[in-house]
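A.B. asks: This structure is in structure tokens; I'll ask about it shortly.
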Amino acid sequence: METKYIFVTGGVVSSLGKGIIAASIGKLLQARGYKVTIQKFDPYINIDPGTLNPYEHGECYVTADGMETDLDLGHYERFTGIETSRHNSITTGRIYKTVIDRERHGDYLGKTIQVVPHITDEIKRRMLRSEELRVKSEEFVITEVGGTIGDIESAPFMEAIRQLRWELGRNAVCVHLTYVPYLKAADELKTKPTQHSVKELQSMGIQPDILVLRTERHLDDALRTKVASFCNVDLECVVQSEDMASIYEVPVSMQRQGLDVAILRKLSITPNPSPKEKGVAGMDSWMAFLDMQKRATREVHIALVGKYDLQDAYKSIRESLNLAGIYNNVKARLHFVNSEEVTTENVARLLEGMAGVIICPGFGQRGIEGKIAAAEYCRTHDVPTFGICLGMQMMVIEFARNVLGYQDANSSEMSADTHHPVIDLMEEQKTVTNMGGTMRLGAYECLLSPDSKTYAAYKQMQPSTPLPHREGPGVGLLIKERHRHRYEFNNQYKEVYEQAGMRCVGINPDVDLVEIVEIADHRWYIGTQFHPEYSSTVLHPNPLFMSFVKTCSSEECKVDSE
């Protein structure tokens, strides 16, 4: 079968959920036995989102091969289980940099470099993914374009899609997501914004094949017929995306309305009567997960101690906790606690009623003392605690100050003149001056100590977990997780930490870096230098989140019974 291309665009307003729709399409095609990949094209000029403030762009997701990407790639991976790479995330900045580098190299032989054809040709080359397809034999390439139709920044991407639609013929379709607002005063749903959005798209030479109408109210057939008529789209190709209790219900809603069937027909593919005819499980596992989600009603309260009061800033952590909760038959109720407001005097009040605490990742000085105060309270009160990246480093610093007696212990990132830099800049980072894409990024191996809670968590998930891990040569378990940091545990202090009770139970076997710390006599007190949330998917939640939530929920049961 020739490779088929699906372009997902958005109109009217941003944040409609193009990423969820793209991921849902990928999931539904997978359920029919097809090999799928999903990619995101963002129109901003940054090379990647690695230097963007989380308040600007939300979480920076990291691929296994070390690319800092848009958070939508997290949705792609959680929905489909596909391990994305640097080829799945492209920005205008990367496109222009490639073209300018070629011009400087003389590849264009003195020609005048223009948006059309040079920029659009580079966009088309990356959209087609010809080099990757030769290796992976993907049957469907789903391309989501960020931003909103009509944005100046998106124009070159729309022109590239227009050209590709013409060149690919029946091998390409355009799925356009728009908004149908409800006016309470008039008690009416309005289709005019959708009509204008489609006309804007048509003015660029692109006729959408399928419309997904984002709505807060159910749309009747009369309204869908009106949209189909005004926008030159078949009625069966007008589907609605209503607000759902969970984003994981969206693929089922799309399947129920025949979105996958409509796409296949538009691509001249006869849909199978049942996804199982291709010898795959279809949506059975997904439906079983949704059934578990409905049955998980008992709440477990978990605090996220961080400095970004924005849901998208910790998106993967939130989703990993939610998924782990469902598999542990509980609903994870997450409470954000601003670390800038946490002190030793008020920490007990702020964390009151919490079954567990996540000490969140981040960068910079702001809010770290609050994280240290939270770590001390949790350690001394035996509250299940999970520190991630900077969170793990704050657990290490707190232990040094209050157990080892190093009063000025700190990270050299925060205090260059500290006498006890228990967290220090990695050796290879000392000559780095550029910010973007220069940290320790991507998946690295970690050898787990056999007598640790971390080892037990990963071992228990075998063989169902897709994480690449194997038994080491007689010593523990070798796992692979993703990183995004510059600073590491200072090995000069390793022995004194071990003697005092904070064990280094995860070590990178190649460079001897400490990846995981753990206090054995605590119910659950673990810090990881890596980001386990990046490898947690709907059908395969990360083992550490599973173990953490299980501990939190068991403690909650104990409290309830009293």
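Here, A, B, ... name the chains of the structure tokens in the order displayed, residue numbers run from 1 inside each chain, and ligands are numbered from 1 in the same displayed order.
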I'd like the neighbourhood of Leu52 of chain A as a ChimeraX atom specification, where a residue qualifies if any of its atoms comes within 12 Å (using only C-alpha atoms), though same-chain residues fewer than 2 positions away should be ignored.

C.D. replies: /A:44-50,54-61,68-70,313,363,435-437

A.B. asks: From the set A:Val238, A:Tyr248, A:Glu144, A:Leu259, which residue has the shortest atom-to-atom contact distance to Met287 of chain A, counting only C-alpha atoms?

C.D. replies: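 The closest residue to Met287 of chain A is A:Tyr248.
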
A.B. asks: Quick one: of A:Met244, A:Ser553, A:Gly370, A:Leu235, who's nearest to Gly258 of chain A, counting only C-alpha atoms?

C.D. replies: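 Counting only C-alpha atoms, the residue closest to Gly258 of chain A is A:Leu235.
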
A.B. asks: Find the residues around Arg265 of chain A up to 12 Å (only C-alpha atoms counted), leave out those fewer than 2 positions away in its own chain, and share them as a list in words.

C.D. replies: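 The neighbour list is Lys4, Arg170, Asn171, Ala172, Val173, Asp209, Ile210, Asp234, Glu236, Cys237, Gly258, Leu259, Asp260, Val261, Ala262, Ile263, Leu267, Ser268, Ile269, Thr270, Pro271 and Asn272 of chain A.
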
A.B. asks: Selection from above, C-alpha atoms, as a PDB file, in the first residue's frame, can you write it?

C.D. replies:
```pdb
ATOM      1  CA  LYS A   4      -1.273   7.841   2.964  1.00  0.00           C
ATOM      2  CA  ARG A 170      -6.197  10.381  -3.405  1.00  0.00           C
ATOM      3  CA  ASN A 171      -3.311   9.589  -1.051  1.00  0.00           C
ATOM      4  CA  ALA A 172      -3.940  12.679   1.104  1.00  0.00           C
ATOM      5  CA  VAL A 173      -6.840  14.096   3.114  1.00  0.00           C
ATOM      6  CA  ASP A 209     -12.328  16.553   3.342  1.00  0.00           C
ATOM      7  CA  ILE A 210     -13.477  16.073   6.926  1.00  0.00           C
ATOM      8  CA  ASP A 234     -20.119  15.083   2.862  1.00  0.00           C
ATOM      9  CA  GLU A 236     -20.775  11.542   6.995  1.00  0.00           C
ATOM     10  CA  CYS A 237     -17.558  13.548   7.101  1.00  0.00           C
ATOM     11  CA  GLY A 258     -17.171   6.780  11.901  1.00  0.00           C
ATOM     12  CA  LEU A 259     -14.250   9.193  11.650  1.00  0.00           C
ATOM     13  CA  ASP A 260     -11.774   6.399  10.818  1.00  0.00           C
ATOM     14  CA  VAL A 261     -14.147   4.930   8.229  1.00  0.00           C
ATOM     15  CA  ALA A 262     -14.629   8.356   6.596  1.00  0.00           C
ATOM     16  CA  ILE A 263     -10.866   8.885   6.391  1.00  0.00           C
ATOM     17  CA  LEU A 267      -8.279   7.657   0.759  1.00  0.00           C
ATOM     18  CA  SER A 268      -9.927   5.056  -1.510  1.00  0.00           C
ATOM     19  CA  ILE A 269      -9.465   2.284   1.054  1.00  0.00           C
ATOM     20  CA  THR A 270     -12.373  -0.079   1.674  1.00  0.00           C
ATOM     21  CA  PRO A 271     -12.869  -0.177   5.478  1.00  0.00           C
ATOM     22  CA  ASN A 272     -12.843  -3.590   7.112  1.00  0.00           C
TER      23      ASN A 272
END
```

A.B. asks: Give me the residues near segment 318-333 of chain A as a PyMOL selection string, where near means some atom within 10 Å (using only C-alpha atoms) and where sequence neighbours in that chain fewer than 4 positions away do not count.

C.D. replies: chain A and resi 74-75+78+289-304+311-314+354+358+532-554

A.B. asks: Could you check which of A:Leu71, A:Leu351, A:Ala500, A:Ile38 is closest to Thr385 of chain A, using only C-alpha atoms?

C.D. replies: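 Of A:Leu71, A:Leu351, A:Ala500, A:Ile38, the one nearest Thr385 of chain A, counting only C-alpha atoms, is A:Leu351.
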
A.B. asks: Give me, as an NGL selection string, the residues of segment 221-405 of chain A that a backbone DSSP run labels strand (DSSP E or B).

C.D. replies: :A and (238-242 or 299-306 or 331-338 or 356-359 or 385-388)

A.B. asks: Keeping only N, CA, C and O atoms, write those residues as a CSV table (one decimal), in the first residue's frame.

C.D. replies:
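Saved as again.csv:
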```csv
chain,number,residue,atom,x,y,z
A,238,VAL,N,-18.8,15.0,8.6
A,238,VAL,CA,-18.9,16.1,9.6
A,238,VAL,C,-19.2,15.4,10.9
A,238,VAL,O,-20.2,14.9,11.2
A,239,VAL,N,-18.1,15.4,11.8
A,239,VAL,CA,-18.3,14.7,13.1
A,239,VAL,C,-18.1,15.8,14.2
A,239,VAL,O,-17.5,16.9,14.0
A,240,GLN,N,-18.6,15.5,15.4
A,240,GLN,CA,-18.5,16.4,16.5
A,240,GLN,C,-17.6,15.9,17.6
A,240,GLN,O,-17.5,14.7,17.8
A,241,SER,N,-16.9,16.8,18.2
A,241,SER,CA,-16.0,16.5,19.3
A,241,SER,C,-16.6,17.3,20.5
A,241,SER,O,-16.2,18.4,20.8
A,242,GLU,N,-17.5,16.6,21.3
A,242,GLU,CA,-18.1,17.2,22.5
A,242,GLU,C,-17.1,17.1,23.6
A,242,GLU,O,-16.1,16.3,23.6
A,299,GLU,N,-11.1,8.4,45.8
A,299,GLU,CA,-10.1,9.5,45.5
A,299,GLU,C,-8.9,9.3,46.4
A,299,GLU,O,-9.0,9.0,47.6
A,300,VAL,N,-7.8,9.5,45.8
A,300,VAL,CA,-6.5,9.6,46.5
A,300,VAL,C,-5.9,11.0,46.2
A,300,VAL,O,-5.7,11.4,45.1
A,301,HIS,N,-5.6,11.8,47.3
A,301,HIS,CA,-5.2,13.1,47.1
A,301,HIS,C,-3.7,13.2,47.1
A,301,HIS,O,-3.0,12.8,48.0
A,302,ILE,N,-3.1,13.8,46.0
A,302,ILE,CA,-1.7,13.9,45.8
A,302,ILE,C,-1.4,15.4,45.5
A,302,ILE,O,-2.0,16.0,44.7
A,303,ALA,N,-0.3,15.9,46.2
A,303,ALA,CA,0.1,17.3,46.0
A,303,ALA,C,1.2,17.3,45.0
A,303,ALA,O,2.1,16.5,45.0
A,304,LEU,N,1.2,18.3,44.1
A,304,LEU,CA,2.3,18.6,43.2
A,304,LEU,C,2.9,19.9,43.7
A,304,LEU,O,2.3,21.0,43.6
A,305,VAL,N,4.1,19.8,44.2
A,305,VAL,CA,4.8,21.0,44.8
A,305,VAL,C,5.7,21.5,43.7
A,305,VAL,O,6.7,20.9,43.3
A,306,GLY,N,5.3,22.6,43.1
A,306,GLY,CA,6.1,23.2,42.0
A,306,GLY,C,5.9,24.7,41.9
A,306,GLY,O,5.1,25.3,42.7
A,331,LYS,N,-9.0,7.1,41.9
A,331,LYS,CA,-9.0,8.4,41.1
A,331,LYS,C,-8.0,9.3,41.8
A,331,LYS,O,-8.2,9.7,42.9
A,332,ALA,N,-6.9,9.7,41.0
A,332,ALA,CA,-5.9,10.6,41.6
A,332,ALA,C,-6.4,12.0,41.5
A,332,ALA,O,-6.6,12.6,40.4
A,333,ARG,N,-6.7,12.6,42.7
A,333,ARG,CA,-7.1,14.0,42.8
A,333,ARG,C,-5.8,14.8,43.0
A,333,ARG,O,-5.2,14.7,44.1
A,334,LEU,N,-5.4,15.6,42.1
A,334,LEU,CA,-4.2,16.4,42.1
A,334,LEU,C,-4.4,17.8,42.6
A,334,LEU,O,-5.3,18.5,42.2
A,335,HIS,N,-3.5,18.2,43.6
A,335,HIS,CA,-3.6,19.5,44.2
A,335,HIS,C,-2.3,20.3,43.9
A,335,HIS,O,-1.2,19.8,44.4
A,336,PHE,N,-2.3,21.4,43.2
A,336,PHE,CA,-1.1,22.2,43.0
A,336,PHE,C,-0.8,23.0,44.3
A,336,PHE,O,-1.6,23.7,44.8
A,337,VAL,N,0.5,22.9,44.7
A,337,VAL,CA,1.0,23.6,45.9
A,337,VAL,C,2.1,24.5,45.4
A,337,VAL,O,3.2,23.9,45.0
A,338,ASN,N,2.0,25.8,45.4
A,338,ASN,CA,3.0,26.7,44.9
A,338,ASN,C,4.2,26.7,45.8
A,338,ASN,O,4.1,27.1,47.0
A,356,GLY,N,0.1,11.6,49.3
A,356,GLY,CA,1.5,11.5,48.7
A,356,GLY,C,1.8,12.9,48.1
A,356,GLY,O,0.9,13.7,47.9
A,357,VAL,N,3.1,13.1,47.8
A,357,VAL,CA,3.6,14.3,47.3
A,357,VAL,C,4.6,14.1,46.2
A,357,VAL,O,5.5,13.3,46.3
A,358,ILE,N,4.4,14.9,45.1
A,358,ILE,CA,5.3,14.9,44.0
A,358,ILE,C,6.1,16.2,44.1
A,358,ILE,O,5.5,17.3,44.2
A,359,ILE,N,7.4,16.2,44.2
A,359,ILE,CA,8.2,17.4,44.1
A,359,ILE,C,8.7,17.5,42.7
A,359,ILE,O,9.4,16.7,42.2
A,385,THR,N,6.7,10.1,48.9
A,385,THR,CA,7.2,11.2,48.2
A,385,THR,C,8.0,10.8,46.9
A,385,THR,O,8.8,9.9,47.0
A,386,PHE,N,7.8,11.5,45.8
A,386,PHE,CA,8.4,11.2,44.5
A,386,PHE,C,9.0,12.5,44.0
A,386,PHE,O,8.3,13.5,43.7
A,387,GLY,N,10.3,12.6,44.0
A,387,GLY,CA,11.0,13.7,43.4
A,387,GLY,C,11.5,13.5,42.0
A,387,GLY,O,12.1,12.5,41.8
A,388,ILE,N,11.2,14.4,41.1
A,388,ILE,CA,11.6,14.2,39.7
A,388,ILE,C,12.5,15.3,39.2
A,388,ILE,O,12.2,16.5,39.3
```

A.B. asks: To one decimal in Å, tell me the separation between atom CA of Gly367 of chain A and atom CA of Arg523 of chain A.

C.D. replies: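 Separation between atom CA of Gly367 of chain A and atom CA of Arg523 of chain A: 26.0 Å.
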
A.B. asks: Do you know which residues are at most 8 Å from segment 447-462 of chain A counting only C-alpha atoms, after dropping those on the same chain fewer than 5 positions away, and could you put them as a ChimeraX atom specification?

C.D. replies: /A:472,475-479,505-509,518,520,524,526,543-544,546-547

A.B. asks: Enumerate, as an MDAnalysis selection string, the complete set of residues in segment 280-490 of chain A that a backbone-based DSSP assignment places in helix (DSSP H, G or I).

C.D. replies: chainID A and resid 284:295 311:327 339:341 347:350 368:380 390:402 427:429 453:461

A.B. asks: Identify, on the basis of only C-alpha atoms, every residue whose closest approach to segment 371-379 of chain A does not exceed 9 Å; exclude the query and any residue fewer than 4 positions from it along the same chain; express the result as a PDB file with N, CA and C atoms, in the first residue's frame.

C.D. replies:
```
ATOM      1  N   VAL A 305       4.092  19.784  44.238  1.00  0.00           N
ATOM      2  CA  VAL A 305       4.793  20.960  44.754  1.00  0.00           C
ATOM      3  C   VAL A 305       5.708  21.489  43.652  1.00  0.00           C
ATOM      4  N   GLY A 306       5.319  22.607  43.061  1.00  0.00           N
ATOM      5  CA  GLY A 306       6.090  23.196  41.967  1.00  0.00           C
ATOM      6  C   GLY A 306       5.858  24.681  41.889  1.00  0.00           C
ATOM      7  N   SER A 339       5.354  26.228  45.309  1.00  0.00           N
ATOM      8  CA  SER A 339       6.543  26.076  46.157  1.00  0.00           C
ATOM      9  C   SER A 339       7.078  27.417  46.643  1.00  0.00           C
ATOM     10  N   GLU A 340       6.741  28.507  45.958  1.00  0.00           N
ATOM     11  CA  GLU A 340       7.165  29.831  46.418  1.00  0.00           C
ATOM     12  C   GLU A 340       6.484  30.211  47.732  1.00  0.00           C
ATOM     13  N   VAL A 342       5.624  27.902  50.104  1.00  0.00           N
ATOM     14  CA  VAL A 342       5.846  26.883  51.125  1.00  0.00           C
ATOM     15  C   VAL A 342       7.003  27.286  52.033  1.00  0.00           C
ATOM     16  N   THR A 343       6.790  27.200  53.338  1.00  0.00           N
ATOM     17  CA  THR A 343       7.844  27.444  54.327  1.00  0.00           C
ATOM     18  C   THR A 343       7.781  26.327  55.362  1.00  0.00           C
ATOM     19  N   THR A 344       8.792  26.270  56.213  1.00  0.00           N
ATOM     20  CA  THR A 344       8.785  25.255  57.275  1.00  0.00           C
ATOM     21  C   THR A 344       7.642  25.488  58.254  1.00  0.00           C
ATOM     22  N   VAL A 347       4.175  24.391  55.946  1.00  0.00           N
ATOM     23  CA  VAL A 347       4.174  23.199  55.088  1.00  0.00           C
ATOM     24  C   VAL A 347       3.186  22.146  55.574  1.00  0.00           C
ATOM     25  N   ALA A 348       3.052  21.980  56.893  1.00  0.00           N
ATOM     26  CA  ALA A 348       2.121  20.975  57.424  1.00  0.00           C
ATOM     27  C   ALA A 348       0.689  21.303  57.025  1.00  0.00           C
ATOM     28  N   LEU A 351       0.147  20.751  53.143  1.00  0.00           N
ATOM     29  CA  LEU A 351       0.145  19.347  52.716  1.00  0.00           C
ATOM     30  C   LEU A 351      -0.829  18.490  53.521  1.00  0.00           C
ATOM     31  N   GLY A 356       0.121  11.561  49.261  1.00  0.00           N
ATOM     32  CA  GLY A 356       1.453  11.518  48.676  1.00  0.00           C
ATOM     33  C   GLY A 356       1.813  12.871  48.098  1.00  0.00           C
ATOM     34  N   VAL A 357       3.119  13.056  47.834  1.00  0.00           N
ATOM     35  CA  VAL A 357       3.605  14.348  47.338  1.00  0.00           C
ATOM     36  C   VAL A 357       4.567  14.114  46.175  1.00  0.00           C
ATOM     37  N   ILE A 359       7.407  16.156  44.174  1.00  0.00           N
ATOM     38  CA  ILE A 359       8.234  17.365  44.141  1.00  0.00           C
ATOM     39  C   ILE A 359       8.661  17.539  42.690  1.00  0.00           C
ATOM     40  N   CYS A 360       8.130  18.578  42.071  1.00  0.00           N
ATOM     41  CA  CYS A 360       8.155  18.709  40.615  1.00  0.00           C
ATOM     42  C   CYS A 360       9.505  19.158  40.068  1.00  0.00           C
ATOM     43  N   GLY A 367      11.496  29.323  44.040  1.00  0.00           N
ATOM     44  CA  GLY A 367      10.667  28.272  44.606  1.00  0.00           C
ATOM     45  C   GLY A 367      11.401  27.064  45.157  1.00  0.00           C
ATOM     46  N   VAL A 383       5.719  10.627  54.642  1.00  0.00           N
ATOM     47  CA  VAL A 383       4.712  10.800  53.589  1.00  0.00           C
ATOM     48  C   VAL A 383       5.298  10.265  52.281  1.00  0.00           C
ATOM     49  N   PRO A 384       4.615   9.383  51.550  1.00  0.00           N
ATOM     50  CA  PRO A 384       5.117   8.902  50.264  1.00  0.00           C
ATOM     51  C   PRO A 384       5.478  10.075  49.356  1.00  0.00           C
ATOM     52  N   THR A 385       6.716  10.077  48.871  1.00  0.00           N
ATOM     53  CA  THR A 385       7.243  11.243  48.160  1.00  0.00           C
ATOM     54  C   THR A 385       8.011  10.812  46.918  1.00  0.00           C
ATOM     55  N   GLY A 387      10.326  12.580  43.958  1.00  0.00           N
ATOM     56  CA  GLY A 387      11.015  13.749  43.424  1.00  0.00           C
ATOM     57  C   GLY A 387      11.507  13.472  42.020  1.00  0.00           C
ATOM     58  N   GLY A 391      13.305  18.050  41.468  1.00  0.00           N
ATOM     59  CA  GLY A 391      12.685  17.567  42.702  1.00  0.00           C
ATOM     60  C   GLY A 391      13.584  16.592  43.427  1.00  0.00           C
ATOM     61  N   MET A 394      16.399  18.516  45.072  1.00  0.00           N
ATOM     62  CA  MET A 394      15.995  19.188  46.304  1.00  0.00           C
ATOM     63  C   MET A 394      15.916  18.202  47.471  1.00  0.00           C
ATOM     64  N   MET A 395      15.548  16.958  47.199  1.00  0.00           N
ATOM     65  CA  MET A 395      15.537  15.924  48.232  1.00  0.00           C
ATOM     66  C   MET A 395      16.962  15.649  48.718  1.00  0.00           C
ATOM     67  N   VAL A 396      17.887  15.644  47.785  1.00  0.00           N
ATOM     68  CA  VAL A 396      19.304  15.419  48.117  1.00  0.00           C
ATOM     69  C   VAL A 396      19.848  16.573  48.955  1.00  0.00           C
ATOM     70  N   ILE A 397      19.521  17.804  48.566  1.00  0.00           N
ATOM     71  CA  ILE A 397      20.000  18.986  49.300  1.00  0.00           C
ATOM     72  C   ILE A 397      19.398  19.013  50.710  1.00  0.00           C
ATOM     73  N   GLU A 398      18.115  18.729  50.827  1.00  0.00           N
ATOM     74  CA  GLU A 398      17.468  18.710  52.144  1.00  0.00           C
ATOM     75  C   GLU A 398      18.118  17.696  53.060  1.00  0.00           C
ATOM     76  N   PHE A 399      18.420  16.529  52.534  1.00  0.00           N
ATOM     77  CA  PHE A 399      19.053  15.473  53.326  1.00  0.00           C
ATOM     78  C   PHE A 399      20.437  15.915  53.803  1.00  0.00           C
ATOM     79  N   ASN A 402      19.884  18.665  56.690  1.00  0.00           N
ATOM     80  CA  ASN A 402      19.214  18.298  57.937  1.00  0.00           C
ATOM     81  C   ASN A 402      19.597  16.936  58.497  1.00  0.00           C
ATOM     82  N   ILE A 519      15.281   6.239  50.189  1.00  0.00           N
ATOM     83  CA  ILE A 519      15.442   5.968  51.620  1.00  0.00           C
ATOM     84  C   ILE A 519      14.704   4.670  51.926  1.00  0.00           C
ATOM     85  N   HIS A 522      11.781   4.283  54.662  1.00  0.00           N
ATOM     86  CA  HIS A 522      10.603   5.124  54.447  1.00  0.00           C
ATOM     87  C   HIS A 522       9.589   4.312  53.639  1.00  0.00           C
ATOM     88  N   TYR A 525      10.018   6.865  49.428  1.00  0.00           N
ATOM     89  CA  TYR A 525      10.724   8.149  49.335  1.00  0.00           C
ATOM     90  C   TYR A 525      11.808   7.974  48.274  1.00  0.00           C
TER      91      TYR A 525
END
```

A.B. asks: Leaving out Lys494 of chain A and any residue of its chain fewer than 2 positions from it, which residues lie within 12 Å of it when counting only C-alpha atoms, given as a VMD selection string?

C.D. replies: chain A and resid 396 400 404 422 to 423 488 to 492 496 to 505 507 512 to 517
